[in-house]
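*Asks:* Provided herewith: protein27.txt, compact mmCIF, C-alpha atoms.
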```
# COMPACT_ATOMS: atom_id res chain seq x y z
CA MET A 1 72.39 72.59 27.01
CA THR A 2 73.92 75.77 28.47
CA ALA A 3 75.47 76.03 31.91
CA SER A 4 72.19 77.49 33.23
CA GLU A 5 69.95 74.75 31.81
CA PRO A 6 69.43 71.55 33.80
CA PRO A 7 69.71 68.22 31.98
CA ASP A 8 66.53 66.47 30.92
CA GLY A 9 64.84 64.97 33.97
CA ALA A 10 66.29 67.48 36.44
CA ALA A 11 64.85 70.61 38.02
CA ARG A 12 66.61 73.51 39.68
CA ARG A 13 65.59 74.38 43.23
CA GLN A 14 66.86 76.90 45.78
CA LEU A 15 67.99 75.37 49.08
CA ALA A 16 67.53 76.87 52.54
CA THR A 17 71.12 78.12 52.32
CA GLY A 18 70.24 80.13 49.23
CA ARG A 19 72.30 77.90 46.97
CA ASP A 20 70.75 76.42 43.84
CA ASP A 21 70.83 72.66 43.36
CA LEU A 22 69.63 70.20 40.73
CA LEU A 23 67.09 67.60 41.83
CA VAL A 24 65.70 64.68 39.83
CA ARG A 25 62.12 65.16 38.64
CA GLU A 26 59.50 62.76 39.98
CA GLU A 27 56.05 63.10 38.43
CA PRO A 28 53.04 60.79 37.98
CA LEU A 29 52.19 58.93 34.81
CA LEU A 30 48.89 57.14 34.30
CA LEU A 31 49.12 54.17 31.94
CA VAL A 32 45.79 53.06 30.50
CA VAL A 33 45.97 49.59 28.93
CA HIS A 34 42.65 48.41 27.47
CA GLY A 35 40.77 50.27 30.19
CA GLN A 36 43.02 49.14 33.04
CA GLN A 37 44.64 52.11 34.78
CA LEU A 38 48.12 51.85 36.27
CA LEU A 39 49.84 54.70 38.06
CA THR A 40 53.57 55.23 38.50
CA MET A 41 55.86 57.97 39.69
CA ARG A 42 58.59 58.40 37.10
CA THR A 43 61.12 60.84 35.74
CA PRO A 44 59.39 62.34 32.66
CA GLY A 45 60.77 61.49 29.24
CA ARG A 46 60.63 58.42 26.98
CA ASP A 47 57.29 57.31 28.40
CA GLU A 48 56.74 55.03 25.37
CA ASP A 49 59.94 53.12 26.18
CA LEU A 50 58.88 52.92 29.81
CA ALA A 51 55.43 51.59 28.89
CA LEU A 52 56.70 48.99 26.44
CA GLY A 53 59.40 47.80 28.81
CA PHE A 54 56.85 47.50 31.58
CA LEU A 55 54.41 45.53 29.44
CA LEU A 56 57.15 43.16 28.30
CA GLY A 57 58.71 42.81 31.74
CA GLU A 58 55.36 42.04 33.35
CA GLY A 59 54.53 39.41 30.73
CA ILE A 60 51.50 41.34 29.51
CA VAL A 61 52.78 41.34 25.91
CA ALA A 62 55.32 39.00 24.33
CA ALA A 63 56.79 41.37 21.73
CA ALA A 64 56.87 45.04 20.77
CA ALA A 65 54.66 44.21 17.77
CA ASP A 66 51.84 43.28 20.18
CA VAL A 67 51.35 46.99 20.90
CA ALA A 68 49.20 48.64 18.22
CA SER A 69 49.49 52.25 19.38
CA MET A 70 50.39 54.60 22.22
CA ARG A 71 48.81 58.02 22.63
CA ALA A 72 50.14 60.61 25.07
CA VAL A 73 47.69 62.95 26.81
CA PRO A 74 49.43 65.82 28.63
CA GLY A 75 48.43 66.37 32.23
CA ASP A 76 47.11 69.53 33.85
CA ALA A 77 48.67 70.55 37.15
CA ASP A 78 45.89 73.05 37.93
CA ALA A 79 43.28 70.31 37.47
CA GLN A 80 45.48 67.82 39.36
CA ARG A 81 45.48 65.53 36.34
CA ALA A 82 48.56 63.42 35.64
CA ASP A 83 50.19 62.85 32.28
CA GLU A 84 48.49 59.91 30.61
CA LEU A 85 49.65 57.32 28.09
CA GLN A 86 46.89 55.34 26.43
CA VAL A 87 48.08 51.95 25.17
CA THR A 88 46.13 49.84 22.68
CA LEU A 89 47.15 46.23 22.13
CA ARG A 90 46.59 44.41 18.84
CA THR A 91 44.49 41.78 20.61
CA GLU A 92 42.56 41.76 23.86
CA PRO A 93 44.75 40.70 26.82
CA ASP A 94 44.36 37.00 27.59
CA PRO A 95 43.30 35.88 31.11
CA LEU A 96 46.91 35.62 32.35
CA ALA A 97 47.78 39.09 31.07
CA ARG A 98 44.60 40.54 32.60
CA SER A 99 45.40 38.93 35.95
CA ARG A 100 48.84 40.53 35.86
CA LEU A 101 47.35 43.90 35.00
CA ALA A 102 44.86 43.50 37.85
CA ARG A 103 47.71 42.91 40.32
CA THR A 104 49.53 46.08 39.30
CA HIS A 105 47.16 48.98 39.95
CA GLU A 106 50.32 50.83 40.87
CA ILE A 107 53.66 50.26 39.16
CA ARG A 108 56.19 50.02 41.97
CA SER A 109 59.20 48.01 43.05
CA SER A 110 56.95 45.28 44.45
CA CYS A 111 54.94 44.88 41.25
CA GLY A 112 54.75 41.43 39.74
CA ALA A 113 54.37 39.48 42.97
CA CYS A 114 51.22 40.97 44.49
CA GLY A 115 48.71 38.23 45.20
CA LEU A 116 51.06 35.36 44.39
CA ALA A 117 51.47 32.61 46.98
CA ASP A 118 54.29 30.81 45.14
CA ALA A 119 57.18 32.94 43.86
CA GLN A 120 57.87 30.43 41.08
CA THR A 121 54.53 31.30 39.48
CA ILE A 122 55.99 34.73 38.74
CA LEU A 123 57.53 33.17 35.62
CA GLU A 124 54.40 31.32 34.56
CA ALA A 125 54.15 30.98 30.75
CA THR A 126 57.65 32.43 30.27
CA PRO A 127 59.60 30.54 27.56
CA PRO A 128 62.92 29.03 28.70
CA LEU A 129 66.23 30.76 28.16
CA LEU A 130 68.65 29.61 25.48
CA PRO A 131 71.16 27.39 27.35
CA GLY A 132 74.71 28.72 27.40
CA VAL A 133 73.82 31.72 25.23
CA PRO A 134 75.35 34.22 24.88
CA ARG A 135 79.04 33.75 25.64
CA VAL A 136 80.28 36.93 27.31
CA GLN A 137 83.89 37.88 27.94
CA SER A 138 84.47 38.65 31.60
CA ALA A 139 86.30 41.85 30.70
CA LEU A 140 83.20 43.06 28.88
CA VAL A 141 81.25 43.06 32.13
CA HIS A 142 83.44 45.82 33.51
CA ARG A 143 83.47 47.77 30.25
CA LEU A 144 79.67 47.77 30.27
CA VAL A 145 79.56 48.92 33.90
CA ASP A 146 81.85 51.80 32.92
CA GLU A 147 79.62 52.51 29.90
CA LEU A 148 76.56 52.67 32.15
CA ARG A 149 78.24 55.15 34.47
CA ALA A 150 79.39 57.29 31.56
CA ARG A 151 75.81 57.53 30.28
CA GLN A 152 74.29 58.46 33.66
CA VAL A 153 74.25 62.20 33.04
CA LEU A 154 71.17 62.71 35.20
CA PHE A 155 72.72 60.83 38.13
CA ALA A 156 75.90 62.86 37.80
CA ALA A 157 73.84 66.07 38.00
CA THR A 158 71.46 65.07 40.81
CA GLY A 159 72.73 61.94 42.58
CA GLY A 160 69.09 60.93 42.86
CA CYS A 161 68.27 58.37 40.18
CA HIS A 162 68.98 54.84 38.98
CA GLY A 163 70.31 53.59 35.66
CA ALA A 164 70.10 50.45 33.56
CA LEU A 165 71.73 49.37 30.33
CA VAL A 166 71.02 46.53 27.89
CA ALA A 167 73.82 45.45 25.57
CA ALA A 168 74.67 42.75 23.05
CA ALA A 169 77.38 40.19 23.83
CA ASP A 170 79.83 42.17 21.67
CA GLY A 171 79.31 45.29 23.79
CA THR A 172 76.92 47.15 21.48
CA VAL A 173 74.51 49.18 23.60
CA LEU A 174 70.91 48.29 22.73
CA GLY A 175 69.04 50.29 25.36
CA PHE A 176 69.64 52.65 28.27
CA GLY A 177 67.45 54.30 30.87
CA GLU A 178 67.68 56.63 33.85
CA ASP A 179 64.80 57.24 36.22
CA VAL A 180 63.97 58.03 39.82
CA GLY A 181 62.65 54.44 40.02
CA ARG A 182 65.09 51.57 39.47
CA HIS A 183 62.40 49.40 37.87
CA ASN A 184 61.44 52.32 35.60
CA ALA A 185 65.06 52.71 34.50
CA LEU A 186 65.18 49.04 33.49
CA ASP A 187 61.80 49.31 31.75
CA LYS A 188 63.12 52.23 29.68
CA ALA A 189 66.26 50.29 28.71
CA ILE A 190 64.29 47.17 27.76
CA GLY A 191 61.66 49.21 25.95
CA GLN A 192 64.24 51.12 23.91
CA ALA A 193 66.00 47.88 22.93
CA ALA A 194 62.72 46.16 22.03
CA ARG A 195 61.48 49.10 19.95
CA ALA A 196 64.73 48.84 17.95
CA GLY A 197 64.12 45.14 17.31
CA ALA A 198 67.02 43.89 19.46
CA ASP A 199 67.37 40.18 20.26
CA LEU A 200 67.07 40.21 24.04
CA THR A 201 67.64 36.45 24.27
CA ARG A 202 71.34 37.11 23.61
CA ALA A 203 71.72 40.30 25.65
CA VAL A 204 73.19 41.48 28.93
CA ALA A 205 71.54 43.79 31.49
CA ILE A 206 73.63 46.09 33.69
CA LEU A 207 71.96 47.51 36.82
CA SER A 208 73.20 50.52 38.78
CA GLY A 209 72.03 49.18 42.14
CA ARG A 210 71.21 45.88 43.76
CA ALA A 211 69.66 43.00 41.83
CA GLY A 212 66.29 42.65 43.53
CA PHE A 213 63.80 40.06 42.35
CA ASP A 214 61.64 42.75 40.76
CA LEU A 215 64.42 43.64 38.33
CA VAL A 216 65.58 40.08 37.74
CA VAL A 217 62.07 38.86 36.92
CA LYS A 218 61.67 41.59 34.28
CA CYS A 219 64.84 40.32 32.60
CA LEU A 220 63.74 36.69 32.77
CA ARG A 221 60.30 37.47 31.35
CA VAL A 222 61.89 39.01 28.25
CA ARG A 223 64.33 36.06 28.18
CA LEU A 224 67.33 38.27 28.87
CA PRO A 225 69.82 35.72 30.23
CA VAL A 226 72.67 37.70 31.83
CA VAL A 227 72.05 40.13 34.71
CA VAL A 228 74.93 42.16 36.14
CA SER A 229 74.59 44.40 39.19
CA VAL A 230 77.07 46.77 40.78
CA SER A 231 75.70 45.69 44.15
CA ALA A 232 74.34 42.49 45.71
CA PRO A 233 71.44 40.31 44.58
CA SER A 234 68.64 39.24 46.89
CA ALA A 235 68.12 35.60 47.80
CA LEU A 236 64.91 35.44 45.74
CA ALA A 237 66.68 36.95 42.73
CA PHE A 238 69.34 34.24 43.06
CA ASP A 239 66.73 31.49 43.35
CA LEU A 240 64.87 32.72 40.26
CA CYS A 241 68.04 33.00 38.17
CA GLN A 242 69.31 29.60 39.26
CA SER A 243 65.94 27.98 38.53
CA ALA A 244 65.70 29.65 35.11
CA GLY A 245 69.31 28.90 34.15
CA ALA A 246 70.24 32.58 34.00
CA THR A 247 73.62 34.15 34.74
CA LEU A 248 73.67 36.45 37.78
CA VAL A 249 76.70 38.63 38.52
CA GLY A 250 76.99 40.98 41.49
CA PHE A 251 79.45 43.50 42.94
CA ALA A 252 80.75 44.39 39.46
CA ARG A 253 83.03 47.19 40.56
CA GLY A 254 86.47 48.10 39.36
CA ALA A 255 88.23 44.92 38.24
CA ARG A 256 86.21 42.49 40.35
CA HIS A 257 82.83 40.81 40.22
CA GLU A 258 81.06 37.90 41.89
CA VAL A 259 79.39 35.21 39.80
CA TYR A 260 76.38 33.87 41.71
CA CYS A 261 75.08 31.40 39.12
CA GLY A 262 75.24 30.61 35.42
CA GLY A 263 78.99 31.07 35.17
CA GLU A 264 79.17 28.95 32.02
CA ARG A 265 78.19 31.98 29.92
CA LEU A 266 81.28 33.93 31.08
CA VAL A 267 84.59 33.28 29.33
CA PRO A 268 88.08 34.68 30.07
```
Would you mind writing the file out in structure tokens?
*Replies:*
Amino acid sequence: MTASEPPDGAARRQLATGRDDLLVREEPLLLVVHGQQLLTMRTPGRDEDLALGFLLGEGIVAAAADVASMRAVPGDADAQRADELQVTLRTEPDPLARSRLARTHEIRSSCGACGLADAQTILEATPPLLPGVPRVQSALVHRLVDELRARQVLFAATGGCHGALVAAADGTVLGFGEDVGRHNALDKAIGQAARAGADLTRAVAILSGRAGFDLVVKCLRVRLPVVVSVSAPSALAFDLCQSAGATLVGFARGARHEVYCGGERLVP
């Protein structure tokens, strides 16, 4: 990339002052899963990771191997047609998966809870976490937060996107994502890790913003047991993590962090 070329996911625009600035790209993507259409606004790039992470995080598939194929169909701005990603599963979605697809006509930060009267049913049919696994050194939490920031090239250029990182308990980075949507960023990180065959049941997720329930539930559905946020969790995120036996860490900044629940996984 030369000095005149924006990083992937950014676009150059001229401001009213005449100065050029880099802005994060935000464009539509239509996911078609066995005839069900789902629309999201995302930062283009790595749509396959985004789709797989979404399907796993929504409990529509249980493993990357459940996806038979993905076919990208470029959009047409003149015809007002969005980019499209056609996803074929190896088997027809079961009734629970179809109900979840039906609730998510749009992929957004509120997805996963639409139409649910009881928040606990969000985790219906999700296998339990491995108790006390993994054991994570407290110092690693801060190293991973620093690693996330170092990888956020798009945020450094635009200041307008979120980031997420998935790592093993030894600090090995398994997946990373940046996107205009915070849930999309996590989907990309989970999708990249899953496509590489990573064991998410022994992994750690690092979030660039707050730990809302929509991000926490994605982690719990893929049985990712440790969630770290640089900001605060919501009350529902706390309740879900505590109920599931997950570890929830907030305000991971500098040399400090706050353990909200599941502290037995953290060791000095």
*Asks:* Using all atoms listed in the file, which residues of range 219-249 of chain A come within 12 Å of range 61-65 of chain A, and what is the closest atom pair for each, with the distance in Å to one decimal? Give it as CSV, sorted by chain and residue number.
*Replies:*
```
residue,atom,partner,partner_atom,distance
A:Arg221,CA,A:Ala62,CA,8.7
A:Val222,CA,A:Ala62,CA,7.7
A:Arg223,CA,A:Ala62,CA,10.2
```
*Asks:* Got time to write the residues from that selection, C-alpha atoms, as an mmCIF file, keeping the file's coordinate frame?
*Replies:*
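To be explicit, this is the file written out as part.cif:
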```cif
data_model
loop_
_atom_site.group_PDB
_atom_site.id
_atom_site.type_symbol
_atom_site.label_atom_id
_atom_site.label_comp_id
_atom_site.auth_asym_id
_atom_site.auth_seq_id
_atom_site.Cartn_x
_atom_site.Cartn_y
_atom_site.Cartn_z
ATOM 1 C CA ARG A 221 60.300 37.470 31.350
ATOM 2 C CA VAL A 222 61.890 39.010 28.250
ATOM 3 C CA ARG A 223 64.330 36.060 28.180
#
```
*Asks:* So, with all atoms listed in the file as the atoms that count, which of A:Arg98, A:Arg202, A:His183, A:Arg256 lies closest to Val230 in chain A?
*Replies:* A:Arg256
*Asks:* Where does range 167-265 of chain A meet range 122-128 of chain A within 12 Å, residue by residue, with the nearest atom pair and distance in Å to one decimal for each, counting all atoms listed in the file, listed by chain and rising number, as CSV?
*Replies:*
```
residue,atom,partner,partner_atom,distance
A:Thr201,CA,A:Pro128,CA,9.8
A:Phe213,CA,A:Ile122,CA,10.1
A:Asp214,CA,A:Ile122,CA,10.0
A:Val216,CA,A:Leu123,CA,10.8
A:Val217,CA,A:Leu123,CA,7.4
A:Lys218,CA,A:Leu123,CA,9.5
A:Cys219,CA,A:Leu123,CA,10.7
A:Leu220,CA,A:Leu123,CA,7.7
A:Arg221,CA,A:Thr126,CA,5.8
A:Val222,CA,A:Thr126,CA,8.1
A:Arg223,CA,A:Pro128,CA,7.2
A:Leu224,CA,A:Pro128,CA,10.2
A:Pro225,CA,A:Pro128,CA,9.7
A:Leu236,CA,A:Ile122,CA,11.4
A:Ala237,CA,A:Ile122,CA,11.6
A:Leu240,CA,A:Leu123,CA,8.7
A:Cys241,CA,A:Leu123,CA,10.8
A:Ser243,CA,A:Leu123,CA,10.3
A:Ala244,CA,A:Pro128,CA,7.0
A:Gly245,CA,A:Pro128,CA,8.4
A:Ala246,CA,A:Pro128,CA,9.7
```
*Asks:* For Val141 in chain A, which of A:Gly250, A:Pro74, A:Pro6, A:Gly175 is the closest residue, counting only C-alpha atoms?
*Replies:*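 Smallest distance to Val141 in chain A is found for A:Gly250.
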*Asks:* So which residues touch Ala139 in chain A within 10 Å, counting only C-alpha atoms, skipping near sequence neighbours fewer than 5 positions away, as JSON, numbers by chain?
*Replies:* {"A": [144, 255, 256, 266, 267, 268]}
*Asks:* Need the shell around Arg149 in chain A: protein/DNA/RNA residues with any atom at most 9 Å away, counting only C-alpha atoms. Skip same-chain ones fewer than 6 positions apart. Format as a list of chain:residue names?
*Replies:*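 The residues that qualify are A:Phe155, A:Ala156, A:Gly163, A:Ser208.
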*Asks:* Taking 4 positions as the minimum chain separation for residues in the same chain, which residues sit within 7 Å of Gly53 in chain A when counting all atoms listed in the file? Answer as a list of chain:residue names.
*Replies:* A:Asp49, A:Gly57, A:Asp187, A:Lys188, A:Ile190, A:Gly191
*Asks:* Could you state the separation of CA of Ala203 in chain A and CA of Gly263 in chain A in Å, given to one decimal place?
*Replies:*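 So the answer is 15.1 Å.
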*Asks:* Restricting the calculation to all atoms listed in the file: of A:Asp170, A:Asp199, A:Glu26, A:Asp146, which residue gets closest to Arg253 in chain A?
*Replies:* A:Asp146
*Asks:* So, counting all atoms listed in the file, which residue among A:Leu101, A:Ala157, A:Ala79, A:Leu174 is closest to Phe54 in chain A?
*Replies:*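 Comparing A:Leu101, A:Ala157, A:Ala79, A:Leu174 against Phe54 in chain A, the winner is A:Leu101.
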*Asks:* Which residue is closest to Gln37 in chain A? Choose from A:Leu56, A:Ala102, A:Met70, A:Leu207 and count all atoms listed in the file.
*Replies:*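 Looking at the shortest contact to Gln37 in chain A, the residue is A:Ala102.
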*Asks:* Could you state the separation of CA of Val32 in chain A and CA of Gln86 in chain A in Å, given to one decimal place?
*Replies:*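 CA of Val32 in chain A sits 4.8 Å away from CA of Gln86 in chain A.
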*Asks:* I'd like to know which of A:Ala167, A:Val153, A:Val33, A:Val133 is closest to Asp8 in chain A, using only C-alpha atoms.
*Replies:* A:Val153
*Asks:* What would range 193-224 of chain A look like with N, CA and C atoms in place, written as a compact mmCIF listing (two decimals), in the coordinates of the input?
*Replies:*
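In the end it all went to rebuild_13.txt:
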```
# COMPACT_ATOMS: atom_id res chain seq x y z
N ALA A 193 65.40 48.99 23.68
CA ALA A 193 66.00 47.88 22.93
C ALA A 193 64.94 47.13 22.11
N ALA A 194 63.78 46.89 22.72
CA ALA A 194 62.72 46.16 22.03
C ALA A 194 62.16 46.95 20.86
N ARG A 195 62.00 48.26 21.03
CA ARG A 195 61.48 49.10 19.95
C ARG A 195 62.44 49.12 18.75
N ALA A 196 63.74 48.87 19.02
CA ALA A 196 64.73 48.84 17.95
C ALA A 196 64.87 47.44 17.34
N GLY A 197 64.08 46.48 17.85
CA GLY A 197 64.12 45.14 17.31
C GLY A 197 65.28 44.29 17.80
N ALA A 198 65.87 44.63 18.94
CA ALA A 198 67.02 43.89 19.46
C ALA A 198 66.62 42.48 19.90
N ASP A 199 67.56 41.56 19.80
CA ASP A 199 67.37 40.18 20.26
C ASP A 199 67.77 40.10 21.73
N LEU A 200 66.79 40.20 22.61
CA LEU A 200 67.07 40.21 24.04
C LEU A 200 67.50 38.85 24.57
N THR A 201 67.26 37.79 23.81
CA THR A 201 67.64 36.45 24.27
C THR A 201 69.15 36.25 24.26
N ARG A 202 69.88 37.20 23.66
CA ARG A 202 71.34 37.11 23.61
C ARG A 202 71.97 38.38 24.18
N ALA A 203 71.29 39.01 25.13
CA ALA A 203 71.72 40.30 25.65
C ALA A 203 72.15 40.23 27.11
N VAL A 204 72.70 41.33 27.56
CA VAL A 204 73.19 41.48 28.93
C VAL A 204 72.54 42.72 29.53
N ALA A 205 72.09 42.63 30.78
CA ALA A 205 71.54 43.79 31.49
C ALA A 205 72.52 44.23 32.57
N ILE A 206 72.76 45.52 32.66
CA ILE A 206 73.63 46.09 33.69
C ILE A 206 72.76 47.00 34.57
N LEU A 207 72.79 46.77 35.87
CA LEU A 207 71.96 47.51 36.82
C LEU A 207 72.83 48.37 37.73
N SER A 208 72.39 49.59 37.98
CA SER A 208 73.20 50.52 38.78
C SER A 208 73.14 50.24 40.27
N GLY A 209 72.16 49.47 40.72
CA GLY A 209 72.03 49.18 42.14
C GLY A 209 72.02 47.70 42.42
N ARG A 210 71.26 47.30 43.43
CA ARG A 210 71.21 45.88 43.76
C ARG A 210 70.30 45.14 42.78
N ALA A 211 70.49 43.83 42.70
CA ALA A 211 69.66 43.00 41.83
C ALA A 211 68.54 42.40 42.66
N GLY A 212 67.47 43.17 42.84
CA GLY A 212 66.29 42.65 43.53
C GLY A 212 65.49 41.76 42.61
N PHE A 213 64.59 40.98 43.18
CA PHE A 213 63.80 40.06 42.35
C PHE A 213 62.97 40.80 41.32
N ASP A 214 62.51 42.02 41.66
CA ASP A 214 61.64 42.75 40.76
C ASP A 214 62.35 43.13 39.47
N LEU A 215 63.65 43.35 39.54
CA LEU A 215 64.42 43.64 38.33
C LEU A 215 64.79 42.37 37.60
N VAL A 216 65.19 41.36 38.35
CA VAL A 216 65.58 40.08 37.74
C VAL A 216 64.40 39.46 36.99
N VAL A 217 63.21 39.51 37.57
CA VAL A 217 62.07 38.86 36.92
C VAL A 217 61.70 39.57 35.62
N LYS A 218 61.90 40.89 35.53
CA LYS A 218 61.67 41.59 34.28
C LYS A 218 62.60 41.05 33.20
N CYS A 219 63.87 40.85 33.56
CA CYS A 219 64.84 40.32 32.60
C CYS A 219 64.46 38.91 32.16
N LEU A 220 64.07 38.07 33.10
CA LEU A 220 63.74 36.69 32.77
C LEU A 220 62.48 36.61 31.91
N ARG A 221 61.53 37.51 32.14
CA ARG A 221 60.30 37.47 31.35
C ARG A 221 60.55 37.86 29.89
N VAL A 222 61.56 38.68 29.64
CA VAL A 222 61.89 39.01 28.25
C VAL A 222 63.01 38.11 27.75
N ARG A 223 63.34 37.08 28.52
CA ARG A 223 64.33 36.06 28.18
C ARG A 223 65.73 36.65 28.03
N LEU A 224 66.01 37.66 28.84
CA LEU A 224 67.33 38.27 28.87
C LEU A 224 68.16 37.47 29.87
```
